[in-house]
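Here the structure comes first, spelled out in structure tokens, and everything after it is commentary.
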Amino acid sequence: MKKYIVLTLTIIIFFILALNLKVGDMKSFYEPFEILAENGSTNMVSAIVLDYRIYDTFFEILVFTVAIIGISEFIGKIPTVASDDQQIIYDTPVIKVITPIIFQIIVLISLYIAITGHIAPGGGFAAGTILGTGFLAVSLVRSTDEIENLFIKSKIEKLKMLVPLFIIIYGLLGYSWGNSIFSNFHLNGSPGELASGGSAILLNFLIYFEVFGGSWTILYRFLKHKGLL
Amino acid sequence: MSYSIIFLFLSLIVLSLYILSQKSYVNVIIGYGVFSVATSVLFFLLNAPDVAFVEITIGAAFVIFIYLIAIKKTAEVKVYYIETPYMIEEKEGNLYGFEYELIKEFLERKGLDADFIKVDAEDPMSNINDHGEILAGGIILEDNNFENIIPSKGILLSKLYAVGQPNKTCLGIFMSNLKSQSFEDLDDDFIIDAVRFRKIVMGEEKLLSKKIEIIKDTSYRIIFYKRDKSLARDFNKFLEEIKSDTAYYENLVRRYIG
């Protein structure tokens with residue numbers, strides 16, 4: 001019985017999608033200066049990704065979150081390897097000394113890219129991957145326990161699951177300052193300033209946190225179960 | 001299209017061919033990193049700086065790190081050894097010897113981990129049956145009638161001695177018509193190599209009553225599994241390099257064998 005309900009639902013959804021789809025109607029109806037006036041981001045990609053095509057971004061983040069949840073739940077059930085085998089020891093003093101120094105620069109750069117995502121190239125996704133890579137580099141030279149303590153204490157594995165929820169709350173709050181869901185916050189400023197581009201900073205930071213948490217989780221799980229997958 | 005973009009596109013083709021043609025994992029990963037950097041610059045020139053950011057972090061750093069971790073784990077080489085005086089032996093819980101030093105140096109240069117396992121079975125050659133497995137420990141190969149192995153070039157010159165009327169050999173010397181036995185249990189009439197002979201002569205004097213003669217000159221080898229062709233080739237290259245540095249090689253020999 002269940003099977004038939006699911007099958008019928010799938011067919012209905014397919015037909016709803018097929019009947020409502022108008023192919024060839026997808027060209028842009030905005031001019032660049034209109035975007036600048038309406039949204040306030042000098043980086044037009046940010047305006048499109050975080051305002052005009054916010055649904056794209058939202059579902060991308062949702063897919064990413066589900067994938068990471070899958071990884072951490074699936075790999076979490078596999079027995080871990082002995083802690084001696086988790087170590088990756090590079091004896092080269094150059095890597096040992098330079099990596100922690102470079103890590104601080106990496107954190108600064110990623111923060112900068114996340115903050116100025118709407119003015120200059122960058123954005124949440126790029127910044128998140130940069131910070132995740134920085135943590136990966138540090139975990140190559142520091143002992144695994146140190147990284148593990150930080151990972152467990154920060155509870156980032158659970159916290160990052162809330163990011164899509166925050167984005168939904170932001171979308172619902174859109175009713176209070178606009179008249180529809182996901183309407184942009186009115187913070188146009190003068191283009192090029194930090195306080196411009198509406199809610200770009202907020203969204204960039206949410207994406208930044210999500211992507212960083214996701215890449216760190218992947219890294220942690222892979223290190224913990226090294227050689228068993 | 002400007003010349004730099006055409007150049008970058010061509011370099012992508014060249015780099016992908018380079019990656020395909022490489023045998024060593026590390027070279028492939030580094031090649032992939034260079035490929036990513038070229039792609040990233042291409043994105044940047046084609047007015048997509050946002051994508052270029054992501055490409056350069058993920059392609060040139062994240063993926064490389066993850067693959068390095070993976071390789072570091074899977075590339076654990078199992079080294080089976082027959083305990084042999086001066087070549088590879090256990091002293092106070094640590095391994096010690098000429099071959100041990102050589103293999104360790106070689107694997108360290110290749111960025112591989114080694115797992116040393118002692119064998120004392122009758123048929124040590126049956127142990128090697130998987131990728132990344134090496135047999136070492138004073139091995140002299142007189143008749144190569146084994147299928148699943150590649151012997152390296154000689155790492156050290158040696159001699160074979162015949163004691164009395166030989167009807168046995170010691171473990172590690174492979175001669176098709178003679179049975180092998182651990183060299184400590186041998187008591188009469190056998191064939192033995194220079195290093196073990198020296199150990200026995202220096203230890204006790206029971207052998208000297210028999211007639212001893214040198215049969216032939218030969219050299220020690222290290223045995224690789226048949227599918228590790230590239231590892232064996234790299235080892236031979238490494239050996240040539242070590243031997244060309246005469247001072248270092250002689251020092252090594254003098255330190256362990258005298």
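The chains in the structure tokens are called A, B, ... from first to last as shown; in each chain the residues are counted from 1, and the ligands are counted from 1 in the order shown.
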
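If we count only C-alpha atoms, these residues of chain B sit within 9 Å of chain A: Ala48, Pro49, Asp50, Val51, Phe53, Val54, Glu55, Thr57, Ile58, Ala61, Phe62, Phe65, Ile66, Ile69, Ala70, Lys72, Lys73 and Thr74 of chain B.
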
field: 9 Å contact set for Leu15 of chain B, only C-alpha atoms, chain neighbours under 6 positions out, as a ChimeraX atom specification
entry: /B:31-32,34-35

query: Using only C-alpha atoms, which residues sit within 8 Å of segment 154-159 of chain B once same-chain residues fewer than 5 positions away are excluded, as JSON, numbers by chain?
result: {"B": [193, 194, 195, 214, 215, 216, 217, 218, 219, 220, 221, 222, 239]}

Keeping all heavy atoms for every residue in the selection just given, could you write it to a file as a compact mmCIF listing (two decimals), in the first residue's frame?
```txt
# COMPACT_ATOMS: atom_id res chain seq x y z
N ASP B 193 77.19 -18.43 3.40
CA ASP B 193 77.67 -17.20 2.78
C ASP B 193 78.62 -16.47 3.72
O ASP B 193 78.78 -16.84 4.89
CB ASP B 193 76.50 -16.31 2.43
CG ASP B 193 75.71 -15.93 3.64
OD1 ASP B 193 75.12 -16.84 4.25
OD2 ASP B 193 75.73 -14.75 4.01
N ALA B 194 79.24 -15.43 3.20
CA ALA B 194 80.34 -14.78 3.91
C ALA B 194 79.93 -14.24 5.27
O ALA B 194 80.62 -14.47 6.27
CB ALA B 194 80.89 -13.66 3.04
N VAL B 195 78.79 -13.56 5.33
CA VAL B 195 78.42 -12.88 6.57
C VAL B 195 78.12 -13.87 7.69
O VAL B 195 78.60 -13.74 8.81
CB VAL B 195 77.21 -11.96 6.30
CG1 VAL B 195 76.58 -11.53 7.57
CG2 VAL B 195 77.65 -10.76 5.51
N ILE B 214 86.05 -21.93 -1.09
CA ILE B 214 85.17 -20.91 -1.67
C ILE B 214 84.59 -21.47 -2.97
O ILE B 214 85.36 -21.92 -3.84
CB ILE B 214 85.94 -19.62 -1.93
CG1 ILE B 214 86.44 -19.04 -0.60
CG2 ILE B 214 85.10 -18.62 -2.67
CD1 ILE B 214 87.40 -17.91 -0.76
N ILE B 215 83.29 -21.50 -3.10
CA ILE B 215 82.70 -21.98 -4.35
C ILE B 215 82.68 -20.89 -5.39
O ILE B 215 83.17 -21.04 -6.50
CB ILE B 215 81.26 -22.48 -4.15
CG1 ILE B 215 81.16 -23.41 -2.94
CG2 ILE B 215 80.78 -23.20 -5.39
CD1 ILE B 215 79.76 -23.87 -2.68
N LYS B 216 82.02 -19.77 -5.04
CA LYS B 216 81.92 -18.71 -6.06
C LYS B 216 81.67 -17.35 -5.42
O LYS B 216 81.30 -17.26 -4.25
CB LYS B 216 80.79 -19.04 -7.05
CG LYS B 216 79.41 -19.03 -6.43
CD LYS B 216 78.37 -19.54 -7.38
CE LYS B 216 78.15 -18.59 -8.52
NZ LYS B 216 76.99 -18.97 -9.34
N ASP B 217 81.87 -16.32 -6.22
CA ASP B 217 81.54 -14.96 -5.77
C ASP B 217 80.11 -14.65 -6.15
O ASP B 217 79.66 -14.97 -7.25
CB ASP B 217 82.47 -13.94 -6.46
CG ASP B 217 83.88 -14.08 -5.95
OD1 ASP B 217 84.05 -14.54 -4.80
OD2 ASP B 217 84.82 -13.75 -6.70
N THR B 218 79.42 -13.98 -5.27
CA THR B 218 78.03 -13.63 -5.56
C THR B 218 77.69 -12.35 -4.78
O THR B 218 78.58 -11.71 -4.25
CB THR B 218 77.10 -14.79 -5.17
OG1 THR B 218 75.77 -14.40 -5.37
CG2 THR B 218 77.29 -15.19 -3.73
N SER B 219 76.44 -12.01 -4.75
CA SER B 219 76.09 -10.80 -3.99
C SER B 219 74.70 -10.96 -3.38
O SER B 219 73.88 -11.75 -3.85
CB SER B 219 76.14 -9.57 -4.89
OG SER B 219 75.30 -9.75 -5.98
N TYR B 220 74.48 -10.19 -2.33
CA TYR B 220 73.18 -10.21 -1.66
C TYR B 220 72.17 -9.39 -2.44
O TYR B 220 72.53 -8.41 -3.10
CB TYR B 220 73.31 -9.64 -0.25
CG TYR B 220 74.21 -10.44 0.64
CD1 TYR B 220 75.45 -9.95 1.02
CD2 TYR B 220 73.80 -11.68 1.09
CE1 TYR B 220 76.28 -10.69 1.83
CE2 TYR B 220 74.64 -12.43 1.89
CZ TYR B 220 75.86 -11.94 2.26
OH TYR B 220 76.67 -12.68 3.05
N ARG B 221 70.93 -9.80 -2.31
CA ARG B 221 69.86 -9.09 -3.02
C ARG B 221 68.69 -8.87 -2.08
O ARG B 221 68.58 -9.47 -1.03
CB ARG B 221 69.37 -9.91 -4.21
CG ARG B 221 70.34 -9.97 -5.35
CD ARG B 221 69.95 -11.09 -6.27
NE ARG B 221 71.07 -11.47 -7.08
CZ ARG B 221 71.48 -10.82 -8.16
NH1 ARG B 221 70.85 -9.73 -8.54
NH2 ARG B 221 72.52 -11.22 -8.84
N ILE B 222 67.77 -8.01 -2.57
CA ILE B 222 66.50 -7.83 -1.87
C ILE B 222 65.41 -8.25 -2.84
O ILE B 222 65.51 -8.00 -4.03
CB ILE B 222 66.33 -6.36 -1.43
CG1 ILE B 222 67.23 -6.08 -0.25
CG2 ILE B 222 64.90 -6.07 -1.05
CD1 ILE B 222 67.17 -4.68 0.23
N LEU B 239 70.11 2.40 -5.33
CA LEU B 239 71.34 1.66 -5.07
C LEU B 239 72.51 2.22 -5.87
O LEU B 239 73.61 2.41 -5.33
CB LEU B 239 71.09 0.20 -5.47
CG LEU B 239 71.72 -0.87 -4.60
CD1 LEU B 239 71.30 -0.69 -3.17
CD2 LEU B 239 71.30 -2.23 -5.11
```

Picked from segment 32-225 of chain A by DSSP as alpha helix (DSSP H), as a PDB file with C-alpha atoms, in the first residue's frame:
```pdb
ATOM      1  CA  PRO A  32      23.859  45.799 -14.043  1.00  0.00           C
ATOM      2  CA  PHE A  33      23.194  49.322 -12.801  1.00  0.00           C
ATOM      3  CA  GLU A  34      19.718  48.282 -11.704  1.00  0.00           C
ATOM      4  CA  ILE A  35      21.276  45.534  -9.595  1.00  0.00           C
ATOM      5  CA  LEU A  36      23.689  48.044  -8.107  1.00  0.00           C
ATOM      6  CA  ALA A  37      20.892  50.433  -7.244  1.00  0.00           C
ATOM      7  CA  GLU A  38      18.550  47.808  -5.888  1.00  0.00           C
ATOM      8  CA  ASN A  39      20.920  45.469  -4.035  1.00  0.00           C
ATOM      9  CA  MET A  44      27.441  41.200  -8.824  1.00  0.00           C
ATOM     10  CA  VAL A  45      27.941  37.492  -8.216  1.00  0.00           C
ATOM     11  CA  SER A  46      27.179  38.083  -4.550  1.00  0.00           C
ATOM     12  CA  ALA A  47      24.005  39.978  -5.467  1.00  0.00           C
ATOM     13  CA  ILE A  54      18.831  32.823  -2.890  1.00  0.00           C
ATOM     14  CA  TYR A  55      16.848  29.604  -3.327  1.00  0.00           C
ATOM     15  CA  ASP A  56      19.752  28.125  -5.290  1.00  0.00           C
ATOM     16  CA  THR A  57      22.141  28.932  -2.488  1.00  0.00           C
ATOM     17  CA  PHE A  58      19.769  27.753   0.215  1.00  0.00           C
ATOM     18  CA  PHE A  59      19.220  24.359  -1.362  1.00  0.00           C
ATOM     19  CA  GLU A  60      22.916  24.007  -2.087  1.00  0.00           C
ATOM     20  CA  ILE A  61      23.636  24.564   1.591  1.00  0.00           C
ATOM     21  CA  LEU A  62      20.906  22.086   2.471  1.00  0.00           C
ATOM     22  CA  VAL A  63      22.412  19.445   0.181  1.00  0.00           C
ATOM     23  CA  PHE A  64      25.865  20.115   1.590  1.00  0.00           C
ATOM     24  CA  THR A  65      24.582  19.817   5.168  1.00  0.00           C
ATOM     25  CA  VAL A  66      22.775  16.556   4.448  1.00  0.00           C
ATOM     26  CA  ALA A  67      25.884  15.143   2.786  1.00  0.00           C
ATOM     27  CA  ILE A  68      28.072  16.057   5.747  1.00  0.00           C
ATOM     28  CA  ILE A  69      25.531  14.639   8.213  1.00  0.00           C
ATOM     29  CA  GLY A  70      25.599  11.448   6.175  1.00  0.00           C
ATOM     30  CA  ILE A  71      29.379  11.277   6.334  1.00  0.00           C
ATOM     31  CA  SER A  72      29.613  11.908  10.055  1.00  0.00           C
ATOM     32  CA  GLU A  73      26.826   9.475  10.934  1.00  0.00           C
ATOM     33  CA  PHE A  74      28.008   6.743   8.592  1.00  0.00           C
ATOM     34  CA  ILE A  75      31.705   6.914   9.378  1.00  0.00           C
ATOM     35  CA  GLY A  76      30.965   7.427  13.068  1.00  0.00           C
ATOM     36  CA  SER A  83      45.562   6.628  18.069  1.00  0.00           C
ATOM     37  CA  ASP A  84      49.160   5.909  17.063  1.00  0.00           C
ATOM     38  CA  ASP A  85      48.029   5.261  13.515  1.00  0.00           C
ATOM     39  CA  GLN A  86      46.137   8.548  13.339  1.00  0.00           C
ATOM     40  CA  PRO A  93      61.251  21.455  10.736  1.00  0.00           C
ATOM     41  CA  VAL A  94      60.243  23.827   7.939  1.00  0.00           C
ATOM     42  CA  ILE A  95      56.694  22.485   7.823  1.00  0.00           C
ATOM     43  CA  LYS A  96      56.494  22.208  11.605  1.00  0.00           C
ATOM     44  CA  VAL A  97      57.488  25.824  12.200  1.00  0.00           C
ATOM     45  CA  ILE A  98      55.917  27.554   9.226  1.00  0.00           C
ATOM     46  CA  THR A  99      52.456  25.929   9.262  1.00  0.00           C
ATOM     47  CA  PRO A 100      51.250  27.414  12.598  1.00  0.00           C
ATOM     48  CA  ILE A 101      52.464  30.844  11.479  1.00  0.00           C
ATOM     49  CA  ILE A 102      50.751  30.568   8.104  1.00  0.00           C
ATOM     50  CA  PHE A 103      47.611  29.292   9.824  1.00  0.00           C
ATOM     51  CA  GLN A 104      47.035  32.672  11.485  1.00  0.00           C
ATOM     52  CA  ILE A 105      47.371  34.419   8.143  1.00  0.00           C
ATOM     53  CA  ILE A 106      44.947  31.897   6.633  1.00  0.00           C
ATOM     54  CA  VAL A 107      42.364  32.639   9.334  1.00  0.00           C
ATOM     55  CA  LEU A 108      42.687  36.379   8.721  1.00  0.00           C
ATOM     56  CA  ILE A 109      42.400  35.977   4.949  1.00  0.00           C
ATOM     57  CA  SER A 110      39.338  33.776   5.255  1.00  0.00           C
ATOM     58  CA  LEU A 111      37.649  36.253   7.604  1.00  0.00           C
ATOM     59  CA  TYR A 112      38.440  39.077   5.213  1.00  0.00           C
ATOM     60  CA  ILE A 113      37.043  37.154   2.260  1.00  0.00           C
ATOM     61  CA  ALA A 114      33.880  36.332   4.196  1.00  0.00           C
ATOM     62  CA  ILE A 115      33.331  39.935   5.349  1.00  0.00           C
ATOM     63  CA  GLY A 124      31.109  32.379   2.186  1.00  0.00           C
ATOM     64  CA  PHE A 125      31.950  29.216   0.298  1.00  0.00           C
ATOM     65  CA  ALA A 126      35.472  30.243  -0.690  1.00  0.00           C
ATOM     66  CA  ALA A 127      36.218  31.556   2.813  1.00  0.00           C
ATOM     67  CA  GLY A 128      34.911  28.368   4.443  1.00  0.00           C
ATOM     68  CA  THR A 129      37.075  26.124   2.303  1.00  0.00           C
ATOM     69  CA  ILE A 130      40.110  28.304   3.000  1.00  0.00           C
ATOM     70  CA  LEU A 131      39.634  28.030   6.783  1.00  0.00           C
ATOM     71  CA  GLY A 132      38.959  24.284   6.534  1.00  0.00           C
ATOM     72  CA  THR A 133      42.180  23.826   4.567  1.00  0.00           C
ATOM     73  CA  GLY A 134      44.040  25.826   7.209  1.00  0.00           C
ATOM     74  CA  PHE A 135      42.807  23.472   9.927  1.00  0.00           C
ATOM     75  CA  LEU A 136      43.793  20.512   7.777  1.00  0.00           C
ATOM     76  CA  ALA A 137      47.301  21.922   7.408  1.00  0.00           C
ATOM     77  CA  VAL A 138      47.627  22.424  11.167  1.00  0.00           C
ATOM     78  CA  SER A 139      46.403  18.928  11.935  1.00  0.00           C
ATOM     79  CA  LEU A 140      49.285  17.613   9.840  1.00  0.00           C
ATOM     80  CA  VAL A 141      51.814  19.036  12.299  1.00  0.00           C
ATOM     81  CA  THR A 144      45.634  14.451  16.836  1.00  0.00           C
ATOM     82  CA  ASP A 145      44.479  14.725  20.462  1.00  0.00           C
ATOM     83  CA  GLU A 146      44.817  18.491  20.402  1.00  0.00           C
ATOM     84  CA  ILE A 147      42.669  18.817  17.299  1.00  0.00           C
ATOM     85  CA  GLU A 148      40.226  16.242  18.642  1.00  0.00           C
ATOM     86  CA  ASN A 149      39.716  18.146  21.902  1.00  0.00           C
ATOM     87  CA  LEU A 150      39.048  21.330  19.997  1.00  0.00           C
ATOM     88  CA  PHE A 151      36.644  19.547  17.680  1.00  0.00           C
ATOM     89  CA  ILE A 152      34.626  17.918  20.454  1.00  0.00           C
ATOM     90  CA  LYS A 153      34.659  20.937  22.768  1.00  0.00           C
ATOM     91  CA  SER A 154      33.457  23.327  20.072  1.00  0.00           C
ATOM     92  CA  ILE A 156      30.822  22.187  15.689  1.00  0.00           C
ATOM     93  CA  GLU A 157      29.563  18.872  14.330  1.00  0.00           C
ATOM     94  CA  LYS A 158      26.117  19.557  15.838  1.00  0.00           C
ATOM     95  CA  LEU A 159      26.103  23.346  15.528  1.00  0.00           C
ATOM     96  CA  VAL A 163      22.756  26.744   9.693  1.00  0.00           C
ATOM     97  CA  PRO A 164      19.937  25.870   7.233  1.00  0.00           C
ATOM     98  CA  LEU A 165      17.493  26.552  10.087  1.00  0.00           C
ATOM     99  CA  PHE A 166      19.006  30.004  10.612  1.00  0.00           C
ATOM    100  CA  ILE A 167      18.717  30.675   6.887  1.00  0.00           C
ATOM    101  CA  ILE A 168      15.035  29.686   7.010  1.00  0.00           C
ATOM    102  CA  ILE A 169      14.478  32.001   9.997  1.00  0.00           C
ATOM    103  CA  TYR A 170      16.173  34.779   8.068  1.00  0.00           C
ATOM    104  CA  GLY A 171      13.900  34.003   5.124  1.00  0.00           C
ATOM    105  CA  LEU A 172      10.782  34.199   7.340  1.00  0.00           C
ATOM    106  CA  LEU A 173      12.010  37.449   8.880  1.00  0.00           C
ATOM    107  CA  GLY A 174      11.949  38.790   5.345  1.00  0.00           C
ATOM    108  CA  TYR A 175       8.199  39.368   5.933  1.00  0.00           C
ATOM    109  CA  SER A 176       9.028  41.977   8.546  1.00  0.00           C
ATOM    110  CA  TRP A 177      11.156  44.216   6.316  1.00  0.00           C
ATOM    111  CA  ALA A 200      25.037  39.760   2.299  1.00  0.00           C
ATOM    112  CA  ILE A 201      27.369  39.846   5.319  1.00  0.00           C
ATOM    113  CA  LEU A 202      24.986  37.811   7.473  1.00  0.00           C
ATOM    114  CA  LEU A 203      24.374  35.182   4.805  1.00  0.00           C
ATOM    115  CA  ASN A 204      28.058  35.019   3.896  1.00  0.00           C
ATOM    116  CA  PHE A 205      28.906  34.354   7.530  1.00  0.00           C
ATOM    117  CA  LEU A 206      26.304  31.623   7.845  1.00  0.00           C
ATOM    118  CA  ILE A 207      27.639  29.922   4.707  1.00  0.00           C
ATOM    119  CA  TYR A 208      31.212  30.457   5.910  1.00  0.00           C
ATOM    120  CA  PHE A 209      30.446  28.690   9.187  1.00  0.00           C
ATOM    121  CA  GLU A 210      28.590  25.871   7.484  1.00  0.00           C
ATOM    122  CA  VAL A 211      31.283  25.145   4.890  1.00  0.00           C
ATOM    123  CA  PHE A 212      34.069  25.426   7.436  1.00  0.00           C
ATOM    124  CA  GLY A 213      32.300  23.073   9.827  1.00  0.00           C
ATOM    125  CA  GLY A 214      31.587  20.649   7.013  1.00  0.00           C
ATOM    126  CA  SER A 215      35.135  20.496   5.721  1.00  0.00           C
ATOM    127  CA  TRP A 216      36.497  20.170   9.248  1.00  0.00           C
ATOM    128  CA  THR A 217      34.100  17.304   9.945  1.00  0.00           C
ATOM    129  CA  ILE A 218      35.205  15.488   6.805  1.00  0.00           C
ATOM    130  CA  LEU A 219      38.829  15.988   7.778  1.00  0.00           C
ATOM    131  CA  TYR A 220      38.304  14.854  11.373  1.00  0.00           C
ATOM    132  CA  ARG A 221      36.375  11.763  10.382  1.00  0.00           C
ATOM    133  CA  PHE A 222      38.907  10.798   7.737  1.00  0.00           C
ATOM    134  CA  LEU A 223      41.807  11.183  10.158  1.00  0.00           C
ATOM    135  CA  LYS A 224      39.991   9.236  12.857  1.00  0.00           C
TER     136      LYS A 224
END
```

- request: Could you give me, as a list in words, the residues within 7 Å of Ser40 of chain B, counting only C-alpha atoms and dropping anything in the same chain fewer than 3 positions from it?
  value: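 Here the qualifying residues turn out to be Ser36, Val37, Phe43, Phe44, Ala52, Glu55 and Ile56 of chain B.
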
Would you mind exporting all heavy atoms of the selected residues as an mmCIF file, in the first residue's frame?
```cif
data_model
loop_
_atom_site.group_PDB
_atom_site.id
_atom_site.type_symbol
_atom_site.label_atom_id
_atom_site.label_comp_id
_atom_site.auth_asym_id
_atom_site.auth_seq_id
_atom_site.Cartn_x
_atom_site.Cartn_y
_atom_site.Cartn_z
ATOM 1 N N SER B 36 45.374 22.344 -11.058
ATOM 2 C CA SER B 36 44.376 23.189 -10.410
ATOM 3 C C SER B 36 44.778 24.652 -10.443
ATOM 4 O O SER B 36 43.925 25.529 -10.632
ATOM 5 C CB SER B 36 44.188 22.770 -8.964
ATOM 6 O OG SER B 36 43.644 21.513 -8.915
ATOM 7 N N VAL B 37 46.076 24.911 -10.235
ATOM 8 C CA VAL B 37 46.529 26.296 -10.262
ATOM 9 C C VAL B 37 46.316 26.891 -11.650
ATOM 10 O O VAL B 37 45.823 28.018 -11.799
ATOM 11 C CB VAL B 37 48.014 26.384 -9.838
ATOM 12 C CG1 VAL B 37 48.529 27.784 -10.039
ATOM 13 C CG2 VAL B 37 48.168 25.987 -8.401
ATOM 14 N N PHE B 43 40.320 30.647 -14.783
ATOM 15 C CA PHE B 43 39.063 31.201 -14.276
ATOM 16 C C PHE B 43 39.218 32.689 -14.012
ATOM 17 O O PHE B 43 38.336 33.491 -14.311
ATOM 18 C CB PHE B 43 38.644 30.499 -12.975
ATOM 19 C CG PHE B 43 38.129 29.114 -13.165
ATOM 20 C CD1 PHE B 43 38.226 28.186 -12.142
ATOM 21 C CD2 PHE B 43 37.527 28.729 -14.348
ATOM 22 C CE1 PHE B 43 37.750 26.911 -12.303
ATOM 23 C CE2 PHE B 43 37.049 27.452 -14.514
ATOM 24 C CZ PHE B 43 37.169 26.543 -13.485
ATOM 25 N N PHE B 44 40.354 33.031 -13.408
ATOM 26 C CA PHE B 44 40.583 34.429 -13.050
ATOM 27 C C PHE B 44 40.627 35.310 -14.292
ATOM 28 O O PHE B 44 40.026 36.377 -14.332
ATOM 29 C CB PHE B 44 41.891 34.542 -12.265
ATOM 30 C CG PHE B 44 42.069 35.858 -11.586
ATOM 31 C CD1 PHE B 44 41.420 36.117 -10.390
ATOM 32 C CD2 PHE B 44 42.857 36.837 -12.144
ATOM 33 C CE1 PHE B 44 41.556 37.328 -9.765
ATOM 34 C CE2 PHE B 44 42.997 38.054 -11.520
ATOM 35 C CZ PHE B 44 42.351 38.295 -10.326
ATOM 36 N N ALA B 52 37.615 31.048 -9.032
ATOM 37 C CA ALA B 52 39.062 30.857 -8.982
ATOM 38 C C ALA B 52 39.529 30.660 -7.542
ATOM 39 O O ALA B 52 40.373 29.800 -7.273
ATOM 40 C CB ALA B 52 39.774 32.049 -9.601
ATOM 41 N N GLU B 55 38.580 27.136 -6.479
ATOM 42 C CA GLU B 55 39.376 26.147 -7.206
ATOM 43 C C GLU B 55 40.785 26.063 -6.636
ATOM 44 O O GLU B 55 41.332 24.977 -6.449
ATOM 45 C CB GLU B 55 39.417 26.520 -8.688
ATOM 46 C CG GLU B 55 40.302 25.640 -9.544
ATOM 47 C CD GLU B 55 39.828 24.203 -9.628
ATOM 48 O OE1 GLU B 55 38.608 24.014 -9.595
ATOM 49 O OE2 GLU B 55 40.672 23.310 -9.697
ATOM 50 N N ILE B 56 41.362 27.235 -6.340
ATOM 51 C CA ILE B 56 42.760 27.186 -5.892
ATOM 52 C C ILE B 56 42.855 26.615 -4.489
ATOM 53 O O ILE B 56 43.806 25.901 -4.168
ATOM 54 C CB ILE B 56 43.435 28.570 -6.011
ATOM 55 C CG1 ILE B 56 44.941 28.369 -6.140
ATOM 56 C CG2 ILE B 56 43.138 29.459 -4.839
ATOM 57 C CD1 ILE B 56 45.666 29.574 -6.613
#
```

- prompt: Which is closest to Arg196 of chain B among B:Pro85, B:Gly59, B:Pro124, B:Gly172, if we use only C-alpha atoms?
  reply: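 For Arg196 of chain B, the nearest of the candidates is B:Pro85.
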
Strand (DSSP E or B) per DSSP on the backbone: members of segment 28-226 of chain B, as a PyMOL selection string: chain B and resi 76-81+84+88-91+94-96+113-118+133-141+149-151+156-163+168-170+173-174+179-181+190-193+212-225

Shell around Asp189 of chain B at 9 Å using only C-alpha atoms, local window under 3 positions removed, as a compact mmCIF listing (two decimals) with N, CA, C and O atoms, in the first residue's frame:
```txt
# COMPACT_ATOMS: atom_id res chain seq x y z
N ALA B 162 81.77 -23.60 0.87
CA ALA B 162 81.28 -24.97 1.06
C ALA B 162 82.06 -25.57 2.22
O ALA B 162 83.29 -25.53 2.24
N VAL B 163 81.32 -26.11 3.18
CA VAL B 163 81.97 -26.76 4.32
C VAL B 163 81.79 -28.27 4.15
O VAL B 163 80.67 -28.77 4.10
N GLY B 164 82.85 -28.99 4.04
CA GLY B 164 82.78 -30.44 3.87
C GLY B 164 82.12 -30.81 2.56
O GLY B 164 82.36 -30.20 1.51
N GLN B 165 81.27 -31.81 2.60
CA GLN B 165 80.49 -32.22 1.44
C GLN B 165 79.09 -31.62 1.58
O GLN B 165 78.27 -32.17 2.29
N PRO B 166 78.80 -30.51 0.90
CA PRO B 166 77.55 -29.78 1.21
C PRO B 166 76.31 -30.56 0.80
O PRO B 166 76.22 -31.06 -0.30
N ASN B 167 75.36 -30.68 1.74
CA ASN B 167 74.06 -31.24 1.42
C ASN B 167 72.93 -30.37 1.96
O ASN B 167 71.78 -30.71 1.84
N LYS B 168 73.26 -29.27 2.54
CA LYS B 168 72.24 -28.34 3.07
C LYS B 168 72.74 -26.92 2.83
O LYS B 168 73.91 -26.69 2.61
N THR B 169 71.81 -25.97 2.88
CA THR B 169 72.24 -24.57 2.91
C THR B 169 71.55 -23.90 4.09
O THR B 169 70.70 -24.51 4.73
N LEU B 186 72.89 -25.61 11.90
CA LEU B 186 73.74 -26.40 11.00
C LEU B 186 74.92 -26.96 11.78
O LEU B 186 75.52 -26.28 12.61
N LYS B 210 86.56 -29.08 9.61
CA LYS B 210 86.19 -29.51 8.26
C LYS B 210 86.94 -28.72 7.19
O LYS B 210 87.44 -27.64 7.45
```

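Rounded to one decimal, atom CA of Gly137 of chain B and atom CA of Glu99 of chain B lie 7.0 Å from each other.
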
Within 10 Å of Ile19 of chain B using only C-alpha atoms, minus same-chain residues under 5 positions, as a ChimeraX atom specification: /B:13-14,24-25,27-32,35
